[in-house]
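Participant: Next up, model26.pdb (PDB, C-alpha atoms and all ligand atoms).
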```pdb
MODEL        1
ATOM      1  CA  MET Y   1      94.494  96.785 107.296
ATOM      2  CA  THR Y   2      96.983  99.039 105.575
ATOM      3  CA  SER Y   3      97.120  99.569 101.876
ATOM      4  CA  GLU Y   4     100.075 101.216 100.252
ATOM      5  CA  HIS Y   5      99.712 103.340  97.174
ATOM      6  CA  TYR Y   6     102.731 104.656  95.389
ATOM      7  CA  PRO Y   7     102.145 107.598  93.073
ATOM      8  CA  GLU Y   8     104.188 106.188  90.207
ATOM      9  CA  PRO Y   9     106.239 103.082  89.450
ATOM     10  CA  VAL Y  10     109.856 103.371  90.541
ATOM     11  CA  PRO Y  11     112.878 101.415  89.318
ATOM     12  CA  GLU Y  12     113.590  98.096  91.037
ATOM     13  CA  GLN Y  13     116.565  99.324  93.073
ATOM     14  CA  ARG Y  14     114.833 102.374  94.500
ATOM     15  CA  THR Y  15     111.454 100.972  95.363
ATOM     16  CA  ASN Y  16     109.897 102.192  98.534
ATOM     17  CA  SER Y  17     109.759  98.715  99.965
ATOM     18  CA  HIS Y  18     112.884  97.851 101.886
ATOM     19  CA  VAL Y  19     111.982  94.607 103.645
ATOM     20  CA  LEU Y  20     109.639  92.096 102.089
ATOM     21  CA  ILE Y  21     108.342  89.203 104.188
ATOM     22  CA  GLU Y  22     106.342  86.656 102.238
ATOM     23  CA  GLY Y  23     104.454  83.733 103.719
ATOM     24  CA  VAL Y  24     107.036  83.179 106.433
ATOM     25  CA  GLY Y  25     106.453  80.197 108.687
ATOM     26  CA  MET Y  26     108.634  78.557 111.294
ATOM     27  CA  VAL Y  27     108.178  75.168 112.853
ATOM     28  CA  TYR Y  28     110.639  74.141 115.569
ATOM     29  CA  GLU Y  29     111.193  70.537 116.548
ATOM     30  CA  VAL Y  30     110.933  70.169 120.317
ATOM     31  CA  SER Y  31     111.412  66.658 121.755
ATOM     32  CA  GLU Y  32     110.692  65.297 118.268
ATOM     33  CA  ARG Y  33     107.377  67.141 118.133
ATOM     34  CA  PRO Y  34     106.680  70.033 115.814
ATOM     35  CA  LEU Y  35     106.189  73.388 117.488
ATOM     36  CA  PRO Y  36     104.716  75.929 115.069
ATOM     37  CA  ALA Y  37     106.164  79.298 116.103
ATOM     38  CA  LEU Y  38     105.207  81.428 113.095
ATOM     39  CA  GLU Y  39     102.593  81.009 110.392
ATOM     40  CA  GLY Y  40     101.786  82.962 107.250
ATOM     41  CA  ILE Y  41     103.636  86.162 108.073
ATOM     42  CA  ASP Y  42     103.302  88.730 105.271
ATOM     43  CA  LEU Y  43     104.706  92.177 105.820
ATOM     44  CA  THR Y  44     106.259  94.931 103.748
ATOM     45  CA  VAL Y  45     108.368  97.554 105.471
ATOM     46  CA  ARG Y  46     108.986 100.809 103.647
ATOM     47  CA  ARG Y  47     112.406 102.389 103.410
ATOM     48  CA  GLY Y  48     112.959 104.738 106.326
ATOM     49  CA  GLU Y  49     109.976 103.398 108.220
ATOM     50  CA  PHE Y  50     110.039 102.672 111.958
ATOM     51  CA  VAL Y  51     107.972  99.552 112.572
ATOM     52  CA  SER Y  52     107.387  97.969 115.960
ATOM     53  CA  VAL Y  53     106.327  94.386 116.462
ATOM     54  CA  ILE Y  54     104.334  93.864 119.636
ATOM     55  CA  GLY Y  55     102.748  90.803 121.189
ATOM     56  CA  PRO Y  56     102.798  88.621 124.282
ATOM     57  CA  SER Y  57     105.815  86.566 125.234
ATOM     58  CA  GLY Y  58     106.188  83.468 123.071
ATOM     59  CA  CYS Y  59     104.325  84.797 120.023
ATOM     60  CA  GLY Y  60     107.416  84.510 117.843
ATOM     61  CA  LYS Y  61     108.727  88.093 117.778
ATOM     62  CA  SER Y  62     112.349  87.084 118.328
ATOM     63  CA  THR Y  63     112.065  84.237 115.861
ATOM     64  CA  LEU Y  64     110.735  86.629 113.232
ATOM     65  CA  LEU Y  65     113.503  89.157 113.887
ATOM     66  CA  ARG Y  66     116.213  86.489 113.662
ATOM     67  CA  ILE Y  67     114.752  85.316 110.349
ATOM     68  CA  ILE Y  68     114.723  88.888 108.992
ATOM     69  CA  GLY Y  69     118.334  89.269 110.107
ATOM     70  CA  GLY Y  70     119.404  86.034 108.410
ATOM     71  CA  LEU Y  71     120.411  84.494 111.748
ATOM     72  CA  GLN Y  72     118.077  81.574 111.099
ATOM     73  CA  SER Y  73     116.122  80.263 108.120
ATOM     74  CA  PRO Y  74     112.340  79.981 108.049
ATOM     75  CA  THR Y  75     110.753  76.614 107.319
ATOM     76  CA  ARG Y  76     108.415  78.378 104.866
ATOM     77  CA  GLY Y  77     108.334  81.543 102.819
ATOM     78  CA  ARG Y  78     111.079  84.072 102.307
ATOM     79  CA  VAL Y  79     112.460  87.437 103.299
ATOM     80  CA  LEU Y  80     114.074  89.907 100.928
ATOM     81  CA  ILE Y  81     116.048  92.961 101.983
ATOM     82  CA  ASP Y  82     116.459  95.337  99.097
ATOM     83  CA  GLY Y  83     115.752  92.366  96.878
ATOM     84  CA  THR Y  84     118.475  90.167  98.382
ATOM     85  CA  PRO Y  85     118.255  87.302 100.905
ATOM     86  CA  PRO Y  86     119.000  88.324 104.537
ATOM     87  CA  ARG Y  87     122.303  86.431 104.690
ATOM     88  CA  GLU Y  88     123.567  88.373 101.699
ATOM     89  CA  ALA Y  89     122.436  91.673 103.246
ATOM     90  CA  GLN Y  90     124.123  90.606 106.495
ATOM     91  CA  ARG Y  91     127.336  89.756 104.635
ATOM     92  CA  ARG Y  92     127.340  93.209 103.074
ATOM     93  CA  LYS Y  93     126.829  94.662 106.576
ATOM     94  CA  GLN Y  94     123.584  96.319 105.600
ATOM     95  CA  VAL Y  95     121.861  94.963 108.699
ATOM     96  CA  GLY Y  96     122.574  95.959 112.301
ATOM     97  CA  VAL Y  97     121.166  94.008 115.236
ATOM     98  CA  VAL Y  98     120.681  94.994 118.893
ATOM     99  CA  PHE Y  99     119.401  92.477 121.429
ATOM    100  CA  GLN Y 100     118.153  92.842 124.987
ATOM    101  CA  ASP Y 101     121.548  91.757 126.255
ATOM    102  CA  PRO Y 102     124.124  94.302 125.016
ATOM    103  CA  SER Y 103     126.724  91.465 124.791
ATOM    104  CA  LEU Y 104     129.787  93.665 124.849
ATOM    105  CA  LEU Y 105     133.232  92.117 125.042
ATOM    106  CA  PRO Y 106     134.332  92.664 128.668
ATOM    107  CA  TRP Y 107     138.032  92.928 127.832
ATOM    108  CA  ARG Y 108     137.481  95.693 125.297
ATOM    109  CA  SER Y 109     136.915  99.349 126.123
ATOM    110  CA  VAL Y 110     133.906 101.296 124.864
ATOM    111  CA  ILE Y 111     135.688 102.540 121.756
ATOM    112  CA  GLU Y 112     137.164  99.099 121.052
ATOM    113  CA  ASN Y 113     133.722  97.494 121.311
ATOM    114  CA  VAL Y 114     132.267 100.035 118.892
ATOM    115  CA  ARG Y 115     135.103  99.431 116.426
ATOM    116  CA  LEU Y 116     134.687  95.663 116.563
ATOM    117  CA  PRO Y 117     132.307  95.148 113.599
ATOM    118  CA  LEU Y 118     134.753  96.996 111.359
ATOM    119  CA  GLN Y 119     137.499  94.568 112.345
ATOM    120  CA  VAL Y 120     135.785  91.179 112.187
ATOM    121  CA  ASN Y 121     136.216  89.229 108.955
ATOM    122  CA  GLY Y 122     138.991  91.663 108.184
ATOM    123  CA  GLY Y 123     136.066  93.728 106.974
ATOM    124  CA  GLN Y 124     136.565  97.258 105.873
ATOM    125  CA  ALA Y 125     132.978  97.370 104.666
ATOM    126  CA  GLY Y 126     131.198 100.434 105.871
ATOM    127  CA  LYS Y 127     134.408 101.973 107.149
ATOM    128  CA  ARG Y 128     134.361 105.657 106.654
ATOM    129  CA  THR Y 129     135.670 108.794 108.149
ATOM    130  CA  ASP Y 130     133.700 111.840 109.040
ATOM    131  CA  GLY Y 131     135.745 114.962 108.629
ATOM    132  CA  GLN Y 132     138.564 114.863 111.148
ATOM    133  CA  ARG Y 133     137.173 112.197 113.465
ATOM    134  CA  ASP Y 134     136.523 108.638 112.496
ATOM    135  CA  TYR Y 135     133.016 107.312 112.554
ATOM    136  CA  PRO Y 136     133.259 105.212 115.766
ATOM    137  CA  GLU Y 137     134.394 108.305 117.672
ATOM    138  CA  ARG Y 138     131.509 110.315 116.289
ATOM    139  CA  LEU Y 139     129.000 107.603 117.195
ATOM    140  CA  ILE Y 140     130.265 107.500 120.777
ATOM    141  CA  GLU Y 141     129.687 111.209 120.940
ATOM    142  CA  LEU Y 142     126.250 110.776 119.381
ATOM    143  CA  VAL Y 143     125.161 108.337 122.108
ATOM    144  CA  GLY Y 144     126.572 110.637 124.796
ATOM    145  CA  LEU Y 145     129.499 108.483 125.930
ATOM    146  CA  ASP Y 146     132.352 110.755 124.954
ATOM    147  CA  ALA Y 147     133.713 110.867 128.484
ATOM    148  CA  PHE Y 148     133.602 107.072 128.752
ATOM    149  CA  ARG Y 149     135.356 105.999 125.576
ATOM    150  CA  GLY Y 150     138.158 104.287 127.530
ATOM    151  CA  TYR Y 151     135.913 102.619 130.114
ATOM    152  CA  TYR Y 152     135.249  98.885 130.213
ATOM    153  CA  PRO Y 153     131.718  97.413 130.154
ATOM    154  CA  HIS Y 154     131.685  96.489 133.882
ATOM    155  CA  GLN Y 155     132.333 100.153 134.701
ATOM    156  CA  LEU Y 156     129.149 101.249 132.900
ATOM    157  CA  SER Y 157     125.463 101.207 133.881
ATOM    158  CA  GLY Y 158     122.990  99.046 131.958
ATOM    159  CA  GLY Y 159     121.725 102.040 129.989
ATOM    160  CA  MET Y 160     125.258 103.050 129.035
ATOM    161  CA  GLN Y 161     126.087  99.515 127.918
ATOM    162  CA  GLN Y 162     123.002  99.505 125.730
ATOM    163  CA  ARG Y 163     124.126 102.801 124.165
ATOM    164  CA  VAL Y 164     127.468 101.199 123.357
ATOM    165  CA  ALA Y 165     125.580  98.332 121.704
ATOM    166  CA  LEU Y 166     123.595 100.879 119.690
ATOM    167  CA  ALA Y 167     126.748 102.693 118.554
ATOM    168  CA  ARG Y 168     128.369  99.354 117.681
ATOM    169  CA  CYS Y 169     125.349  98.387 115.612
ATOM    170  CA  LEU Y 170     125.482 101.685 113.682
ATOM    171  CA  VAL Y 171     129.193 101.581 112.935
ATOM    172  CA  THR Y 172     128.878  99.695 109.663
ATOM    173  CA  SER Y 173     126.208 102.188 108.513
ATOM    174  CA  PRO Y 174     123.487  99.560 108.181
ATOM    175  CA  SER Y 175     120.396 100.645 106.302
ATOM    176  CA  LEU Y 176     118.292  98.239 108.357
ATOM    177  CA  LEU Y 177     118.295  98.139 112.170
ATOM    178  CA  LEU Y 178     116.764  95.170 113.930
ATOM    179  CA  MET Y 179     116.174  95.655 117.633
ATOM    180  CA  ASP Y 180     114.854  92.926 119.936
ATOM    181  CA  GLU Y 181     113.584  94.457 123.180
ATOM    182  CA  PRO Y 182     116.811  96.448 123.466
ATOM    183  CA  PHE Y 183     115.608  98.322 126.552
ATOM    184  CA  GLY Y 184     113.870  95.339 128.131
ATOM    185  CA  SER Y 185     116.330  94.927 130.987
ATOM    186  CA  LEU Y 186     116.517  98.615 131.907
ATOM    187  CA  ASP Y 187     114.640 100.331 134.703
ATOM    188  CA  GLU Y 188     111.630 102.405 133.653
ATOM    189  CA  ILE Y 189     113.344 105.796 134.003
ATOM    190  CA  THR Y 190     116.401 104.808 131.977
ATOM    191  CA  ARG Y 191     114.193 103.009 129.509
ATOM    192  CA  SER Y 192     112.100 106.102 128.878
ATOM    193  CA  ALA Y 193     115.227 108.209 128.345
ATOM    194  CA  MET Y 194     116.654 105.602 125.951
ATOM    195  CA  ARG Y 195     113.556 105.782 123.750
ATOM    196  CA  TYR Y 196     114.163 109.452 123.069
ATOM    197  CA  GLU Y 197     117.858 108.782 122.699
ATOM    198  CA  LEU Y 198     117.090 106.196 120.038
ATOM    199  CA  LEU Y 199     114.720 108.553 118.201
ATOM    200  CA  ARG Y 200     117.364 111.274 118.230
ATOM    201  CA  VAL Y 201     120.104 108.952 116.991
ATOM    202  CA  TRP Y 202     117.817 107.419 114.377
ATOM    203  CA  ARG Y 203     116.805 110.862 113.123
ATOM    204  CA  SER Y 204     120.332 112.092 112.762
ATOM    205  CA  GLU Y 205     121.330 108.845 111.054
ATOM    206  CA  ALA Y 206     118.129 108.542 109.039
ATOM    207  CA  ALA Y 207     118.611 112.028 107.669
ATOM    208  CA  GLU Y 208     121.700 110.704 105.957
ATOM    209  CA  ARG Y 209     120.486 107.450 104.543
ATOM    210  CA  ASP Y 210     116.863 106.801 105.380
ATOM    211  CA  SER Y 211     117.475 103.846 107.645
ATOM    212  CA  THR Y 212     114.654 101.487 108.454
ATOM    213  CA  VAL Y 213     114.013 100.099 111.946
ATOM    214  CA  ILE Y 214     112.172  96.961 112.980
ATOM    215  CA  PHE Y 215     111.764  97.089 116.736
ATOM    216  CA  VAL Y 216     110.431  94.296 118.941
ATOM    217  CA  THR Y 217     108.771  95.254 122.205
ATOM    218  CA  HIS Y 218     106.003  94.259 124.555
ATOM    219  CA  SER Y 219     105.502  97.801 125.785
ATOM    220  CA  ILE Y 220     102.473  99.613 124.369
ATOM    221  CA  THR Y 221     103.851 103.063 125.229
ATOM    222  CA  GLU Y 222     107.166 102.246 123.613
ATOM    223  CA  ALA Y 223     105.543 100.988 120.428
ATOM    224  CA  VAL Y 224     103.339 104.068 120.013
ATOM    225  CA  LEU Y 225     106.042 106.547 120.900
ATOM    226  CA  LEU Y 226     108.649 105.190 118.505
ATOM    227  CA  SER Y 227     106.763 103.900 115.516
ATOM    228  CA  ASP Y 228     105.249 104.871 112.211
ATOM    229  CA  ARG Y 229     103.403 101.567 112.322
ATOM    230  CA  VAL Y 230     102.810  98.880 114.920
ATOM    231  CA  VAL Y 231     102.369  95.232 113.988
ATOM    232  CA  VAL Y 232     100.318  93.252 116.510
ATOM    233  CA  MET Y 233     101.137  89.553 116.812
ATOM    234  CA  THR Y 234      99.198  86.746 118.472
ATOM    235  CA  PRO Y 235     100.663  83.444 119.690
ATOM    236  CA  ARG Y 236     100.391  79.701 118.913
ATOM    237  CA  PRO Y 237     101.328  79.975 116.174
ATOM    238  CA  GLY Y 238     102.610  83.523 115.842
ATOM    239  CA  ARG Y 239     100.597  85.482 113.309
ATOM    240  CA  VAL Y 240     100.087  89.103 112.390
ATOM    241  CA  ALA Y 241      96.690  89.981 113.839
ATOM    242  CA  ALA Y 242      96.542  93.675 112.978
ATOM    243  CA  THR Y 243      98.624  96.690 112.093
ATOM    244  CA  LEU Y 244      98.143 100.216 113.378
ATOM    245  CA  GLU Y 245      99.493 103.348 111.679
ATOM    246  CA  ILE Y 246     100.776 105.910 114.188
ATOM    247  CA  ASP Y 247     100.273 109.293 112.666
ATOM    248  CA  LEU Y 248     101.967 111.458 115.289
ATOM    249  CA  PRO Y 249     104.238 114.321 114.219
ATOM    250  CA  ARG Y 250     108.029 114.000 114.482
ATOM    251  CA  PRO Y 251     110.288 114.814 116.169
ATOM    252  CA  ARG Y 252     108.532 113.379 119.195
ATOM    253  CA  ASP Y 253     109.330 114.493 122.732
ATOM    254  CA  GLU Y 254     107.913 114.072 126.243
ATOM    255  CA  GLU Y 255     105.043 116.406 125.313
ATOM    256  CA  VAL Y 256     103.653 113.883 122.876
ATOM    257  CA  GLU Y 257     103.187 111.294 125.631
ATOM    258  CA  VAL Y 258     100.537 113.419 127.334
ATOM    259  CA  SER Y 259      98.721 114.414 124.148
ATOM    260  CA  GLU Y 260      95.191 113.181 123.566
ATOM    261  CA  SER Y 261      96.078 111.489 120.285
ATOM    262  CA  PHE Y 262      98.949 109.583 121.926
ATOM    263  CA  LEU Y 263      96.623 108.296 124.619
ATOM    264  CA  GLU Y 264      94.066 107.372 121.982
ATOM    265  CA  TYR Y 265      96.685 105.300 120.096
ATOM    266  CA  THR Y 266      97.698 103.486 123.274
ATOM    267  CA  ARG Y 267      94.025 102.762 123.987
ATOM    268  CA  ARG Y 268      93.514 101.383 120.495
ATOM    269  CA  LEU Y 269      96.632  99.272 120.687
ATOM    270  CA  ARG Y 270      95.670  97.902 124.092
ATOM    271  CA  ALA Y 271      92.215  97.055 122.756
ATOM    272  CA  LEU Y 272      93.710  95.310 119.707
ATOM    273  CA  LEU Y 273      96.004  93.228 121.901
ATOM    274  CA  ARG Y 274      93.186  92.266 124.227
ATOM    275  CA  GLU Y 275      90.702  91.538 121.445
ATOM    276  CA  ARG Y 276      93.101  89.410 119.464
ATOM    277  CA  SER Y 277      94.451  87.408 122.349
ATOM    278  CA  LEU Y 278      90.930  86.453 123.400
ATOM    279  CA  ALA Y 279      89.937  85.475 119.869
TER     280      ALA Y 279
HETATM  281  P1  LIG Y 301     108.909  85.924 121.621
HETATM  282  O1  LIG Y 301     110.186  86.596 121.221
HETATM  283  O2  LIG Y 301     107.692  86.602 121.078
HETATM  284  O3  LIG Y 301     108.804  85.753 123.104
HETATM  285  P2  LIG Y 301     110.081  83.530 120.469
HETATM  286  O4  LIG Y 301     110.348  83.783 119.046
HETATM  287  O5  LIG Y 301     111.230  83.598 121.402
HETATM  288  O6  LIG Y 301     108.878  84.463 120.978
HETATM  289  O7  LIG Y 301     109.425  82.084 120.625
HETATM  290  C1  LIG Y 301     108.275  81.673 119.912
HETATM  291  C2  LIG Y 301     107.994  80.206 120.208
HETATM  292  O8  LIG Y 301     109.008  79.408 119.640
HETATM  293  C3  LIG Y 301     107.972  79.878 121.686
HETATM  294  O9  LIG Y 301     107.004  78.890 121.910
HETATM  295  C4  LIG Y 301     109.358  79.328 121.946
HETATM  296  O10 LIG Y 301     109.346  78.391 123.002
HETATM  297  C5  LIG Y 301     109.693  78.657 120.630
HETATM  298  N1  LIG Y 301     111.135  78.706 120.318
HETATM  299  C6  LIG Y 301     111.892  79.809 120.159
HETATM  300  N2  LIG Y 301     113.152  79.506 119.835
HETATM  301  C7  LIG Y 301     113.215  78.152 119.803
HETATM  302  C8  LIG Y 301     114.247  77.208 119.519
HETATM  303  N3  LIG Y 301     115.484  77.606 119.189
HETATM  304  N4  LIG Y 301     113.943  75.898 119.574
HETATM  305  C9  LIG Y 301     112.692  75.481 119.887
HETATM  306  N5  LIG Y 301     111.675  76.314 120.147
HETATM  307  C10 LIG Y 301     111.919  77.636 120.108
HETATM  308 MG    MG Y 302     111.705  87.495 122.371
ENDMDL
END
```
Give the structure from this file in C-alpha cells form.
Facilitator:
Amino acid sequence: MTSEHYPEPVPEQRTNSHVLIEGVGMVYEVSERPLPALEGIDLTVRRGEFVSVIGPSGCGKSTLLRIIGGLQSPTRGRVLIDGTPPREAQRRKQVGVVFQDPSLLPWRSVIENVRLPLQVNGGQAGKRTDGQRDYPERLIELVGLDAFRGYYPHQLSGGMQQRVALARCLVTSPSLLLMDEPFGSLDEITRSAMRYELLRVWRSEAAERDSTVIFVTHSITEAVLLSDRVVVMTPRPGRVAATLEIDLPRPRDEEVEVSESFLEYTRRLRALLRERSLA
C-alpha cells in the first residue's frame, strides 16, 4: 500500500530505514499442537517515524512487539534494528520497552525506579548528564512528576505510574521505543491526557535524536492521533492486512481530534478493520 522513495542513496549506517522486519512468522506449540500466531510479516519503519499497530485481540500484536524487542525469537524470518539483530540492539540499550503493566519495583521510589536501567548489568551505557541535573531528574520533570520523585509506586495513580514507566524507558536514550498498549489499563480521561503527554515527550526527545516509536493499540482514535502510519493486522494467523498513512500536521493537540480530516482517518481505519476482519 505504501511505497517509499528516497531521493538519493545514503550510506549504510544512515539509511532512513530503522527497523526492518522480513518474512517474520511465529508458531507457538500449545498442548503439542502448532498455533500459528504470525505469518509473513514484512514491514520497514523509517527513522523517527511513529507507527501504530492495530488489530483485534489475539492477532499477534504483542508477539510481534516482543520479537522486535528481542524478547523472543521468531520461528521464521528476521528483524534488524539499524542493521543489527534485536538482542544486540537491546544489549546496547538502543531499545526501550513499555508494557500495559508499568511493572515498577514497589520498594523503590520514583527516582530510583527511573534510575534502574542505568544500574542493571552494572551498565553505564546511555548514562549522561544534562547541564547541572542528571538525566533521570530531567526526565521526571519532563513527565510532570517533579513533586513526586520520592514517592513509592503504591502512592501514585495508574497514570502517574505509567509516566514513571515512560521516564524509565527513556533513561538509556533508546533510539527505538516499543510500547504495548501502555495506556490500556487507564480510564478514558487519563488515557486521553497521556496520549498528548507521550506526543510532547516524544517530540522533545525526538528533536534530539529522531527516535522511532512502534506503538501497539486497539484504539482507533489513539492510532490516528499518535501516528505517522497505522499498520492494520488481522488474526489467525496474524498478518498485515493494510497500512494507512496519517498525514495530519504536528504538533497535534485536542483541536485535531475534531477536525474533518481526523474524523475521515478514523472512518477509513474503522472501515479497514471491519473489511479485513470479515474477509
Ligand atoms: P495480541 O497482543 O494481538 O492480543 P498475542 O501476540 O498476545 O496477540 O497473541 C497472538 C496469539 O498467540 C494468540 O492466539 C495467543 O493465544 C497466542 N500466544 C501468545 N503468546 C503465547 C505463548 N507464549 N504461548 C502460546 N501461545 C501464545
Ligand atoms: Mg497484546
Participant: May I have the residues within 9 Å of Tyr265 (chain Y) as a list in words, using only C-alpha atoms and disregarding those fewer than 3 positions away in the same chain?
Facilitator: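 The neighbour list is Val224, Leu244, Ile246, Glu260, Ser261, Phe262, Arg268, Leu269 and Arg270 of chain Y.
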Participant: Go ahead and compute the interatomic distance for CA of Phe99 (chain Y) and CA of Gln119 (chain Y), in Å to one decimal.
Facilitator: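 Between CA of Phe99 (chain Y) and CA of Gln119 (chain Y) the gap is 20.4 Å.
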Participant: Write out as a list in words which residues come within 12 Å of Ser57 (chain Y) when counting all atoms listed in the file, dropping same-chain ones fewer than 5 positions away.
Facilitator: Ala37, Ser62, Thr63, Glu181, Val216, Thr217, His218, Ser219, Met233, Thr234, Pro235, Arg236, Gly238 and Ser277 of chain Y
Participant: If you count all atoms listed in the file, which residues end up within 7 Å of ligand LIG 301 (chain Y), as a PDB file with C-alpha atoms, in the coordinates of the input?
Facilitator:
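Dumped everything to selection-v4.pdb:
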```
ATOM      1  CA  TYR Y  28     110.639  74.141 115.569  1.00  0.00           C
ATOM      2  CA  GLU Y  29     111.193  70.537 116.548  1.00  0.00           C
ATOM      3  CA  VAL Y  30     110.933  70.169 120.317  1.00  0.00           C
ATOM      4  CA  LEU Y  35     106.189  73.388 117.488  1.00  0.00           C
ATOM      5  CA  ALA Y  37     106.164  79.298 116.103  1.00  0.00           C
ATOM      6  CA  GLY Y  55     102.748  90.803 121.189  1.00  0.00           C
ATOM      7  CA  PRO Y  56     102.798  88.621 124.282  1.00  0.00           C
ATOM      8  CA  SER Y  57     105.815  86.566 125.234  1.00  0.00           C
ATOM      9  CA  GLY Y  58     106.188  83.468 123.071  1.00  0.00           C
ATOM     10  CA  CYS Y  59     104.325  84.797 120.023  1.00  0.00           C
ATOM     11  CA  GLY Y  60     107.416  84.510 117.843  1.00  0.00           C
ATOM     12  CA  LYS Y  61     108.727  88.093 117.778  1.00  0.00           C
ATOM     13  CA  SER Y  62     112.349  87.084 118.328  1.00  0.00           C
ATOM     14  CA  THR Y  63     112.065  84.237 115.861  1.00  0.00           C
ATOM     15  CA  LEU Y  64     110.735  86.629 113.232  1.00  0.00           C
TER      16      LEU Y  64
END
```
Participant: Please write as a compact mmCIF listing (two decimals) with C-alpha atoms, in the coordinates of the input the full residue list that the PyMOL selection byres (((chain Y and resi 21) around 7) and not hetatm) yields on this file.
Facilitator:
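See out.txt below for the written result:
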```
# COMPACT_ATOMS: atom_id res chain seq x y z
CA VAL Y 19 111.98 94.61 103.64
CA LEU Y 20 109.64 92.10 102.09
CA GLU Y 22 106.34 86.66 102.24
CA GLY Y 23 104.45 83.73 103.72
CA VAL Y 24 107.04 83.18 106.43
CA ILE Y 41 103.64 86.16 108.07
CA ASP Y 42 103.30 88.73 105.27
CA LEU Y 43 104.71 92.18 105.82
CA THR Y 44 106.26 94.93 103.75
CA ARG Y 78 111.08 84.07 102.31
CA VAL Y 79 112.46 87.44 103.30
CA LEU Y 80 114.07 89.91 100.93
```
Participant: Suppose a student applies the PyMOL selection byres (((chain Y and resi 98) around 12) and not hetatm) to this structure; what residues should they get, written as a CSV table (one decimal) with C-alpha atoms, in the frame of the given file?
Facilitator:
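See expr-v9.csv below for the written result:
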```csv
chain,number,residue,atom,x,y,z
Y,62,SER,CA,112.3,87.1,118.3
Y,65,LEU,CA,113.5,89.2,113.9
Y,66,ARG,CA,116.2,86.5,113.7
Y,69,GLY,CA,118.3,89.3,110.1
Y,95,VAL,CA,121.9,95.0,108.7
Y,96,GLY,CA,122.6,96.0,112.3
Y,97,VAL,CA,121.2,94.0,115.2
Y,99,PHE,CA,119.4,92.5,121.4
Y,100,GLN,CA,118.2,92.8,125.0
Y,101,ASP,CA,121.5,91.8,126.3
Y,102,PRO,CA,124.1,94.3,125.0
Y,103,SER,CA,126.7,91.5,124.8
Y,104,LEU,CA,129.8,93.7,124.8
Y,161,GLN,CA,126.1,99.5,127.9
Y,162,GLN,CA,123.0,99.5,125.7
Y,163,ARG,CA,124.1,102.8,124.2
Y,164,VAL,CA,127.5,101.2,123.4
Y,165,ALA,CA,125.6,98.3,121.7
Y,166,LEU,CA,123.6,100.9,119.7
Y,167,ALA,CA,126.7,102.7,118.6
Y,168,ARG,CA,128.4,99.4,117.7
Y,169,CYS,CA,125.3,98.4,115.6
Y,170,LEU,CA,125.5,101.7,113.7
Y,174,PRO,CA,123.5,99.6,108.2
Y,176,LEU,CA,118.3,98.2,108.4
Y,177,LEU,CA,118.3,98.1,112.2
Y,178,LEU,CA,116.8,95.2,113.9
Y,179,MET,CA,116.2,95.7,117.6
Y,180,ASP,CA,114.9,92.9,119.9
Y,181,GLU,CA,113.6,94.5,123.2
Y,182,PRO,CA,116.8,96.4,123.5
Y,183,PHE,CA,115.6,98.3,126.6
Y,184,GLY,CA,113.9,95.3,128.1
Y,198,LEU,CA,117.1,106.2,120.0
Y,213,VAL,CA,114.0,100.1,111.9
Y,214,ILE,CA,112.2,97.0,113.0
Y,215,PHE,CA,111.8,97.1,116.7
Y,216,VAL,CA,110.4,94.3,118.9
```
Participant: If we count only C-alpha atoms, what is near Pro136 (chain Y) at a cut-off of 12 Å, once residues fewer than 3 positions away on the same chain are taken out, given as a PDB file with C-alpha atoms, in the coordinates of the input?
Facilitator:
```
ATOM      1  CA  VAL Y 110     133.906 101.296 124.864  1.00  0.00           C
ATOM      2  CA  ILE Y 111     135.688 102.540 121.756  1.00  0.00           C
ATOM      3  CA  GLU Y 112     137.164  99.099 121.052  1.00  0.00           C
ATOM      4  CA  ASN Y 113     133.722  97.494 121.311  1.00  0.00           C
ATOM      5  CA  VAL Y 114     132.267 100.035 118.892  1.00  0.00           C
ATOM      6  CA  ARG Y 115     135.103  99.431 116.426  1.00  0.00           C
ATOM      7  CA  LEU Y 116     134.687  95.663 116.563  1.00  0.00           C
ATOM      8  CA  PRO Y 117     132.307  95.148 113.599  1.00  0.00           C
ATOM      9  CA  LEU Y 118     134.753  96.996 111.359  1.00  0.00           C
ATOM     10  CA  GLN Y 119     137.499  94.568 112.345  1.00  0.00           C
ATOM     11  CA  GLY Y 126     131.198 100.434 105.871  1.00  0.00           C
ATOM     12  CA  LYS Y 127     134.408 101.973 107.149  1.00  0.00           C
ATOM     13  CA  ARG Y 128     134.361 105.657 106.654  1.00  0.00           C
ATOM     14  CA  THR Y 129     135.670 108.794 108.149  1.00  0.00           C
ATOM     15  CA  ASP Y 130     133.700 111.840 109.040  1.00  0.00           C
ATOM     16  CA  GLN Y 132     138.564 114.863 111.148  1.00  0.00           C
ATOM     17  CA  ARG Y 133     137.173 112.197 113.465  1.00  0.00           C
ATOM     18  CA  LEU Y 139     129.000 107.603 117.195  1.00  0.00           C
ATOM     19  CA  ILE Y 140     130.265 107.500 120.777  1.00  0.00           C
ATOM     20  CA  GLU Y 141     129.687 111.209 120.940  1.00  0.00           C
ATOM     21  CA  LEU Y 142     126.250 110.776 119.381  1.00  0.00           C
ATOM     22  CA  VAL Y 143     125.161 108.337 122.108  1.00  0.00           C
ATOM     23  CA  LEU Y 145     129.499 108.483 125.930  1.00  0.00           C
ATOM     24  CA  ASP Y 146     132.352 110.755 124.954  1.00  0.00           C
ATOM     25  CA  ARG Y 149     135.356 105.999 125.576  1.00  0.00           C
ATOM     26  CA  VAL Y 164     127.468 101.199 123.357  1.00  0.00           C
ATOM     27  CA  ALA Y 165     125.580  98.332 121.704  1.00  0.00           C
ATOM     28  CA  LEU Y 166     123.595 100.879 119.690  1.00  0.00           C
ATOM     29  CA  ALA Y 167     126.748 102.693 118.554  1.00  0.00           C
ATOM     30  CA  ARG Y 168     128.369  99.354 117.681  1.00  0.00           C
ATOM     31  CA  CYS Y 169     125.349  98.387 115.612  1.00  0.00           C
ATOM     32  CA  LEU Y 170     125.482 101.685 113.682  1.00  0.00           C
ATOM     33  CA  VAL Y 171     129.193 101.581 112.935  1.00  0.00           C
ATOM     34  CA  THR Y 172     128.878  99.695 109.663  1.00  0.00           C
ATOM     35  CA  SER Y 173     126.208 102.188 108.513  1.00  0.00           C
TER      36      SER Y 173
END
```
Participant: Please determine, counting only C-alpha atoms, which residue among Y:Met26, Y:Val201, Y:Leu105, Y:Ala89 has the shortest atom-to-atom distance to Pro237 (chain Y).
Facilitator: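 Counting only C-alpha atoms, the residue closest to Pro237 (chain Y) is Y:Met26.
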